[in-house]
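**Q** To be precise about what I am sending: the file is called protein-v1.cif and holds mmCIF, C-alpha atoms.
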data_start
loop_
_atom_site.group_PDB
_atom_site.id
_atom_site.type_symbol
_atom_site.label_atom_id
_atom_site.label_comp_id
_atom_site.auth_asym_id
_atom_site.auth_seq_id
_atom_site.Cartn_x
_atom_site.Cartn_y
_atom_site.Cartn_z
ATOM 1 C CA MET O 1 10.651 3.935 43.364
ATOM 2 C CA GLY O 2 11.692 4.403 46.982
ATOM 3 C CA LYS O 3 13.803 7.299 48.207
ATOM 4 C CA VAL O 4 16.354 7.543 50.989
ATOM 5 C CA SER O 5 17.426 10.779 52.661
ATOM 6 C CA ALA O 6 19.711 12.027 55.411
ATOM 7 C CA VAL O 7 17.675 13.661 58.164
ATOM 8 C CA ILE O 8 17.992 15.239 61.580
ATOM 9 C CA GLN O 9 15.197 15.083 64.139
ATOM 10 C CA ASN O 10 13.905 17.033 67.124
ATOM 11 C CA PRO O 11 16.224 20.064 67.016
ATOM 12 C CA TYR O 12 14.483 21.628 70.006
ATOM 13 C CA PHE O 13 17.448 23.392 71.577
ATOM 14 C CA GLU O 14 18.311 27.077 72.011
ATOM 15 C CA GLN O 15 19.165 28.629 68.670
ATOM 16 C CA PRO O 16 22.362 30.698 68.432
ATOM 17 C CA SER O 17 21.579 34.394 68.863
ATOM 18 C CA TRP O 18 23.960 35.322 66.021
ATOM 19 C CA ILE O 19 21.874 33.454 63.435
ATOM 20 C CA THR O 20 18.426 34.542 62.300
ATOM 21 C CA LYS O 21 15.851 32.635 64.324
ATOM 22 C CA VAL O 22 13.795 30.059 62.407
ATOM 23 C CA GLU O 23 10.682 28.049 63.122
ATOM 24 C CA TYR O 24 11.304 24.657 64.661
ATOM 25 C CA LYS O 25 10.200 21.501 62.865
ATOM 26 C CA GLU O 26 10.477 17.876 63.873
ATOM 27 C CA THR O 27 12.471 16.649 60.859
ATOM 28 C CA ALA O 28 14.858 18.410 58.476
ATOM 29 C CA TYR O 29 16.152 16.831 55.270
ATOM 30 C CA LEU O 30 19.798 17.428 54.338
ATOM 31 C CA SER O 31 20.879 17.765 50.702
ATOM 32 C CA ARG O 32 21.323 20.383 47.992
ATOM 33 C CA PHE O 33 17.539 20.825 48.219
ATOM 34 C CA SER O 34 17.671 21.942 51.854
ATOM 35 C CA THR O 35 17.102 25.518 53.008
ATOM 36 C CA PRO O 36 19.046 28.012 55.147
ATOM 37 C CA GLU O 37 16.468 27.276 57.855
ATOM 38 C CA ASP O 38 17.459 23.602 57.777
ATOM 39 C CA ALA O 39 21.092 24.629 58.267
ATOM 40 C CA THR O 40 20.157 26.729 61.295
ATOM 41 C CA LEU O 41 18.299 23.770 62.813
ATOM 42 C CA PHE O 42 21.248 21.484 62.064
ATOM 43 C CA LEU O 43 23.739 23.764 63.837
ATOM 44 C CA THR O 44 21.286 24.260 66.701
ATOM 45 C CA LEU O 45 20.899 20.504 67.164
ATOM 46 C CA LEU O 46 24.617 19.818 66.712
ATOM 47 C CA CYS O 47 25.510 22.250 69.479
ATOM 48 C CA GLY O 48 22.601 21.406 71.756
ATOM 49 C CA TYR O 49 22.948 17.634 71.525
ATOM 50 C CA ASN O 50 26.669 17.896 72.276
ATOM 51 C CA ASN O 51 26.255 20.332 75.172
ATOM 52 C CA ILE O 52 27.885 23.327 73.543
ATOM 53 C CA ASP O 53 26.715 26.648 74.960
ATOM 54 C CA VAL O 54 25.542 28.811 72.031
ATOM 55 C CA ASP O 55 24.960 31.920 74.147
ATOM 56 C CA ARG O 56 28.452 33.212 73.317
ATOM 57 C CA GLU O 57 30.297 34.855 70.466
ATOM 58 C CA PRO O 58 30.218 32.713 67.291
ATOM 59 C CA ALA O 59 34.000 32.269 67.234
ATOM 60 C CA GLU O 60 33.903 30.812 70.757
ATOM 61 C CA VAL O 61 31.143 28.370 69.817
ATOM 62 C CA LEU O 62 32.771 27.235 66.580
ATOM 63 C CA ASN O 63 36.217 26.936 68.154
ATOM 64 C CA GLU O 64 34.789 24.662 70.838
ATOM 65 C CA LEU O 65 32.936 22.665 68.191
ATOM 66 C CA ILE O 66 36.144 21.829 66.320
ATOM 67 C CA THR O 67 37.678 20.333 69.470
ATOM 68 C CA PHE O 68 35.286 17.386 69.106
ATOM 69 C CA ASP O 69 36.624 14.287 67.364
ATOM 70 C CA GLU O 70 33.162 12.691 67.475
ATOM 71 C CA VAL O 71 29.642 14.069 67.737
ATOM 72 C CA VAL O 72 26.170 12.634 68.170
ATOM 73 C CA ILE O 73 23.116 14.102 66.506
ATOM 74 C CA SER O 74 19.599 12.678 66.446
ATOM 75 C CA GLY O 75 18.539 11.509 63.008
ATOM 76 C CA GLY O 76 19.746 9.061 60.403
ATOM 77 C CA ILE O 77 18.254 7.720 57.184
ATOM 78 C CA ALA O 78 14.630 8.302 56.171
ATOM 79 C CA PHE O 79 13.042 5.774 53.820
ATOM 80 C CA GLU O 80 10.117 6.888 51.639
ATOM 81 C CA ASP O 81 7.865 5.477 48.931
ATOM 82 C CA LYS O 82 4.757 7.290 47.702
ATOM 83 C CA SER O 83 2.676 7.829 50.856
ATOM 84 C CA LYS O 84 4.887 5.765 53.173
ATOM 85 C CA VAL O 85 7.633 7.222 55.332
ATOM 86 C CA ILE O 86 9.876 5.399 57.809
ATOM 87 C CA LEU O 87 11.936 7.745 59.959
ATOM 88 C CA PRO O 88 14.738 6.791 62.351
ATOM 89 C CA GLY O 89 13.572 5.727 65.785
ATOM 90 C CA CYS O 90 14.712 7.254 69.053
ATOM 91 C CA CYS O 91 18.455 7.065 69.845
ATOM 92 C CA CYS O 92 19.455 6.717 66.205
ATOM 93 C CA GLY O 93 22.162 9.110 65.034
ATOM 94 C CA LEU O 94 23.040 10.623 61.670
ATOM 95 C CA GLU O 95 26.720 10.132 62.540
ATOM 96 C CA SER O 96 26.124 6.377 62.020
ATOM 97 C CA TRP O 97 24.520 6.655 58.583
ATOM 98 C CA ARG O 98 27.284 4.660 56.903
ATOM 99 C CA GLU O 99 26.466 1.659 59.115
ATOM 100 C CA VAL O 100 23.171 1.391 57.227
ATOM 101 C CA LEU O 101 25.042 1.169 53.936
ATOM 102 C CA GLU O 102 27.411 -1.449 55.367
ATOM 103 C CA ALA O 103 24.446 -3.480 56.643
ATOM 104 C CA VAL O 104 22.808 -3.566 53.217
ATOM 105 C CA LEU O 105 26.117 -4.493 51.582
ATOM 106 C CA SER O 106 26.616 -7.373 54.032
ATOM 107 C CA LYS O 107 22.909 -8.330 54.256
ATOM 108 C CA LYS O 108 22.771 -7.812 58.016
ATOM 109 C CA ASN O 109 20.410 -5.907 60.256
ATOM 110 C CA VAL O 110 21.410 -2.566 61.741
ATOM 111 C CA TRP O 111 20.282 -0.319 64.586
ATOM 112 C CA LEU O 112 17.714 2.171 63.272
ATOM 113 C CA GLY O 113 16.385 3.339 66.630
ATOM 114 C CA HIS O 114 13.636 2.273 69.010
ATOM 115 C CA ASP O 115 9.941 2.929 69.687
ATOM 116 C CA PRO O 116 9.375 2.066 66.924
ATOM 117 C CA TYR O 117 12.195 -0.249 65.860
ATOM 118 C CA PRO O 118 12.683 0.044 62.073
ATOM 119 C CA THR O 119 14.175 -3.213 60.785
ATOM 120 C CA LEU O 120 15.709 -4.604 57.598
ATOM 121 C CA GLU O 121 14.631 -7.840 55.921
ATOM 122 C CA PHE O 122 16.530 -9.359 52.998
ATOM 123 C CA VAL O 123 14.447 -11.301 50.476
ATOM 124 C CA ASN O 124 16.387 -12.577 47.447
ATOM 125 C CA ASN O 125 17.721 -9.393 45.807
ATOM 126 C CA SER O 126 15.270 -7.110 47.594
ATOM 127 C CA VAL O 127 15.467 -5.256 50.888
ATOM 128 C CA ARG O 128 12.374 -4.583 52.932
ATOM 129 C CA VAL O 129 12.597 -1.742 55.414
ATOM 130 C CA TRP O 130 9.974 -2.409 58.058
ATOM 131 C CA SER O 131 8.359 0.359 60.077
ATOM 132 C CA ASP O 132 8.791 -1.680 63.274
ATOM 133 C CA ASP O 133 10.230 -4.920 64.637
ATOM 134 C CA TYR O 134 8.413 -7.361 62.335
ATOM 135 C CA SER O 135 10.494 -10.353 63.522
ATOM 136 C CA GLY O 136 10.053 -9.802 67.265
ATOM 137 C CA THR O 137 13.803 -9.440 67.833
ATOM 138 C CA TYR O 138 13.447 -6.374 70.046
ATOM 139 C CA ARG O 139 9.764 -6.475 70.991
ATOM 140 C CA LYS O 140 8.547 -9.892 72.084
ATOM 141 C CA ASP O 141 4.955 -9.068 73.023
ATOM 142 C CA LEU O 142 3.688 -6.631 70.419
ATOM 143 C CA PRO O 143 -0.053 -5.955 70.708
ATOM 144 C CA GLU O 144 -2.093 -7.124 67.735
ATOM 145 C CA GLN O 145 -3.005 -3.530 66.862
ATOM 146 C CA ASP O 146 0.698 -2.651 66.536
ATOM 147 C CA LEU O 147 1.299 -5.676 64.332
ATOM 148 C CA GLN O 148 -1.527 -4.617 62.048
ATOM 149 C CA LYS O 149 -0.087 -1.117 61.700
ATOM 150 C CA MET O 150 3.296 -2.392 60.505
ATOM 151 C CA PHE O 151 4.298 -1.876 56.901
ATOM 152 C CA TYR O 152 7.423 -2.079 54.800
ATOM 153 C CA ILE O 153 9.018 -0.255 51.891
ATOM 154 C CA GLU O 154 10.712 -2.569 49.417
ATOM 155 C CA TYR O 155 13.843 -1.711 47.444
ATOM 156 C CA ASP O 156 15.925 -3.485 44.877
ATOM 157 C CA ARG O 157 19.109 -4.139 46.888
ATOM 158 C CA ASN O 158 21.494 -2.725 44.278
ATOM 159 C CA ASP O 159 19.327 0.368 43.881
ATOM 160 C CA LEU O 160 19.247 0.870 47.645
ATOM 161 C CA ILE O 161 23.037 0.550 47.806
ATOM 162 C CA ASN O 162 23.371 3.264 45.147
ATOM 163 C CA LYS O 163 20.937 5.525 46.986
ATOM 164 C CA LEU O 164 22.729 5.066 50.295
ATOM 165 C CA GLN O 165 26.101 5.757 48.697
ATOM 166 C CA ALA O 166 24.649 9.041 47.397
ATOM 167 C CA ILE O 167 24.038 10.191 50.992
ATOM 168 C CA GLU O 168 27.708 11.185 51.123
ATOM 169 C CA THR O 169 27.184 13.637 48.248
ATOM 170 C CA ASP O 170 23.965 14.911 49.825
ATOM 171 C CA LEU O 171 25.736 15.746 53.087
ATOM 172 C CA LEU O 172 28.669 17.428 51.384
ATOM 173 C CA GLU O 173 26.340 19.520 49.228
ATOM 174 C CA PHE O 174 24.277 20.440 52.284
ATOM 175 C CA TYR O 175 27.459 21.684 53.952
ATOM 176 C CA LYS O 176 28.647 23.625 50.908
ATOM 177 C CA HIS O 177 25.363 25.260 49.959
ATOM 178 C CA PHE O 178 23.851 25.916 53.367
ATOM 179 C CA LEU O 179 25.782 25.078 56.526
ATOM 180 C CA GLU O 180 28.973 26.864 55.485
ATOM 181 C CA LYS O 181 26.985 29.990 54.615
ATOM 182 C CA ILE O 182 25.389 30.367 58.033
ATOM 183 C CA MET O 183 28.896 30.161 59.528
ATOM 184 C CA CYS O 184 30.117 32.972 57.283
ATOM 185 C CA MET O 185 31.491 34.885 60.263
ATOM 186 C CA ALA O 186 34.292 32.309 60.606
ATOM 187 C CA ASP O 187 37.670 33.145 59.087
ATOM 188 C CA ASP O 188 39.058 31.041 56.230
ATOM 189 C CA ASN O 189 41.241 28.899 58.475
ATOM 190 C CA LEU O 190 38.350 28.067 60.800
ATOM 191 C CA LYS O 191 36.088 27.304 57.815
ATOM 192 C CA GLU O 192 38.642 24.851 56.475
ATOM 193 C CA ILE O 193 38.881 23.097 59.831
ATOM 194 C CA LEU O 194 35.092 22.990 60.159
ATOM 195 C CA LEU O 195 34.771 21.261 56.794
ATOM 196 C CA LEU O 196 37.377 18.671 57.751
ATOM 197 C CA LYS O 197 35.649 18.093 61.082
ATOM 198 C CA PHE O 198 32.258 17.743 59.370
ATOM 199 C CA CYS O 199 33.765 15.049 57.138
ATOM 200 C CA GLN O 200 35.328 13.333 60.145
ATOM 201 C CA TRP O 201 32.112 13.378 62.190
ATOM 202 C CA PHE O 202 29.980 11.959 59.394
ATOM 203 C CA ASN O 203 32.544 9.686 57.775
ATOM 204 C CA LEU O 204 32.701 11.543 54.455
ATOM 205 C CA ASN O 205 35.413 11.563 51.829
ATOM 206 C CA LEU O 206 36.304 14.799 50.077
ATOM 207 C CA SER O 207 36.926 14.149 46.376
#
For this file, write the structure as structure tokens.
**A**
Amino acid sequence: MGKVSAVIQNPYFEQPSWITKVEYKETAYLSRFSTPEDATLFLTLLCGYNNIDVDREPAEVLNELITFDEVVISGGIAFEDKSKVILPGCCCGLESWREVLEAVLSKKNVWLGHDPYPTLEFVNNSVRVWSDDYSGTYRKDLPEQDLQKMFYIEYDRNDLINKLQAIETDLLEFYKHFLEKIMCMADDNLKEILLLKFCQWFNLNLS
């Protein structure tokens, strides 16, 4: 049975000096099963991608961060099944994760990045997530070798909807268990604002 996960990608920016340095990795998965290292990479990417200088006191960095009404951060939804993995393409953002859910609900395609161009196909009550542009919508002259490399992961549509809806819980639990803890130097008021901003940026509802 296929999985879906919230991910960030390519967090190759300067890490804040007031957080323990961690090893970079191309993709970090965000949920209650994440690690403190994943939280460090998330904050690093969030600041770097949005041009926030981290070479300052933590309060200065976090107070600038909460001035943002919107952020962009490379990543999105990862689709997996056994040995197959389809990651977001370039220029896809985790901040738009809910658009994937809306696309599946309405049976429409959605932007999942480029080079490659992951694409959705709706077949009866199934959804196929293709590793690249199987229909030629974005890439008109795909070489035969690229066509042969293409694959898809198939989901029951209702099951995929449930899995995508659970991304909201995954992100909130990632914040609570990991991201909030690496920002422990913030006072209670700032922490409260940061949580509200996190929910605003990623379109999350606090229960």
**Q** Of the residues O:Asp159, O:Asp53, O:Glu23, O:Glu168, which is the one nearest to Ala39 in chain O, using all atoms listed in the file?
**A**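 That would be O:Glu23, the residue with the smallest distance to Ala39 in chain O.
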**Q** Write out as a tab-separated table a residue-level contact list of range 60-166 of chain O versus range 199-206 of chain O with cut-off 7 Å: for each qualifying residue the closest pair of atoms and the distance in Å to one decimal, counting only C-alpha atoms, rows sorted by chain and residue number upward.
**A**
residue	atom	partner	partner_atom	distance
O:Asp69	CA	O:Trp201	CA	6.9
O:Glu70	CA	O:Trp201	CA	5.4
O:Val71	CA	O:Trp201	CA	6.1
O:Glu95	CA	O:Phe202	CA	4.9
**Q** How big is the axis-aligned box around the listed atoms of range 55-71 of chain O once 8 Å is added on each side, and where is its centre? Give both in Å to one decimal, as lines of an AutoDock Vina configuration file.
**A**
center_x = 31.3
center_y = 23.8
center_z = 70.2
size_x = 28.7
size_y = 38.2
size_z = 23.8
**Q** So how far away is CA of Glu192 in chain O from CA of Leu65 in chain O, in Å?
**A**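 Value for the CA of Leu65 in chain O-CA of Glu192 in chain O distance: 13.2 Å.
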**Q** Could you please determine the separation between CA of Leu41 in chain O and CA of Val85 in chain O in Å, to one decimal place?
**A**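 Taking CA of Leu41 in chain O as the start and CA of Val85 in chain O as the end point, the length is 21.1 Å.
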**Q** What lies within 9 Å of Asp133 in chain O using only C-alpha atoms, ignoring chain neighbours under 6 positions off, as an MDAnalysis selection string?
**A** chainID O and resid 116:120 139 142 147 150
**Q** Dump C-alpha atoms for the selected residues as an mmCIF file, in the coordinates of the input?
**A**
data_model
loop_
_atom_site.group_PDB
_atom_site.id
_atom_site.type_symbol
_atom_site.label_atom_id
_atom_site.label_comp_id
_atom_site.auth_asym_id
_atom_site.auth_seq_id
_atom_site.Cartn_x
_atom_site.Cartn_y
_atom_site.Cartn_z
ATOM 1 C CA PRO O 116 9.375 2.066 66.924
ATOM 2 C CA TYR O 117 12.195 -0.249 65.860
ATOM 3 C CA PRO O 118 12.683 0.044 62.073
ATOM 4 C CA THR O 119 14.175 -3.213 60.785
ATOM 5 C CA LEU O 120 15.709 -4.604 57.598
ATOM 6 C CA ARG O 139 9.764 -6.475 70.991
ATOM 7 C CA LEU O 142 3.688 -6.631 70.419
ATOM 8 C CA LEU O 147 1.299 -5.676 64.332
ATOM 9 C CA MET O 150 3.296 -2.392 60.505
#
**Q** Which distance in Å separates CA of Cys90 in chain O and CA of Asp146 in chain O, to one decimal?
**A**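 Between CA of Cys90 in chain O and CA of Asp146 in chain O the gap is 17.3 Å.
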